[in-house]
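Please read the structure below before turning to the comments.
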Amino acid sequence: MKKIIGICVLSFLQFQHLAAYTQLELDGANTLASQGVISSQENPADYRLKDNITRKEFMKVVANITQDTIEDTCKNSFSDVENDWGCKYIEWALEKWFIASNQTFRPNDNITRAESMKLILKAREIERVADTGDWRMDDMSTAYKVWIIPEIYGNFDIQATRWWIFEVSATDIWAYGSWNRVINPMNLVP
């Protein structure tokens with residue numbers, strides 16, 4: 001009896017693993033993969049859509065979406081950034097003034113939704129349409145008004161999942177065709 005229950009539980013967990021993602025959740029990842037922004041995965045689980053995304057991983061997504069040429073160098077501008085695959089994307093973001101020149105970058109920390117919106121707006125050269133004194137609210141309001149996000153998220157410290165980042169990035173590509181086109185939000189807001 002224990003073997004039968006064990007087999008049933010394992011079968012359920014395997015089925016649940018296969019059905020862990022909806023087509024909607026996969027659409028953003030597949031769109032970014034088709035554009036060469038992220039690596040294409042045959043197994044949807046390999047996208048790790050439910051996982052949080054690190055600041056270093058996000059820099060790579062933003063850099064790849066902009067299609068800028070990224071120099072394969074690391075100048076060690078941050079004391080906590082190793083000379084690995086992610087350093088060139090972080091250095092690129094620093095050179096573009098997308099991130100501040102501080103002593104540390106915290107590359108392996110998870111990025112929040114608010115932090116990611118700030119970087120997406122900077123990369124898209126979209127000016128804020130709000131000025132409440134809280135950059136997080138201003139960036140979320142702007143992203144909402146230019147249709148990058150479907151709602152203004154009030155919890156600014158919520159960590160962004162890979163699915164959320166892929167969906168937001170793909171939505172921006174679907175809406176505007178490319179991140180290389182500068183959007184003036186004042187032309188979009190009634």
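Please note that chains go A, B, ... in the order of the structure tokens, that every chain numbers its residues from 1, and that ligands are numbered from 1 in the order shown.
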
Region 64-75 of chain A: which residues within 10 Å, counting only C-alpha atoms, same-chain residues fewer than 2 positions away excluded, as a ChimeraX atom specification?
-> /A:32,35-38,58-62,77-78,81-93,120,123-124,169-170,173,178-181

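Near Glu115 (chain A), within 10 Å and counting only C-alpha atoms, sit Arg55, Asn110, Ile120, Trp135, Arg136, Asp139, Met140, Phe156, Asp157, Ile158, Gln159 and Ala160 of chain A; same-chain residues fewer than 5 positions away were not included.
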
Separation of CA of Arg162 (chain A) from CA of Arg48 (chain A), in Å and rounded to one decimal |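 Between CA of Arg162 (chain A) and CA of Arg48 (chain A) the gap works out to 6.9 Å.
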
When DSSP works through the backbone of this structure, what residues of region 15-157 of chain A end up as strand (DSSP E or B), shown as a list in words?
-> Asn52, Thr54, Asn110 and Thr112 of chain A

Which residue out of A:Thr132, A:Gln41, A:Thr112, A:Thr22 has the minimum interatomic distance to Thr161 (chain A) when only C-alpha atoms are used?
->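 Of A:Thr132, A:Gln41, A:Thr112, A:Thr22, the one nearest Thr161 (chain A), counting only C-alpha atoms, is A:Thr112.
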
What does the distance from CA of Glu127 (chain A) to CA of Ala143 (chain A) come to in Å, to one decimal?
->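 Interatomic distance, CA of Glu127 (chain A) to CA of Ala143 (chain A): 9.9 Å.
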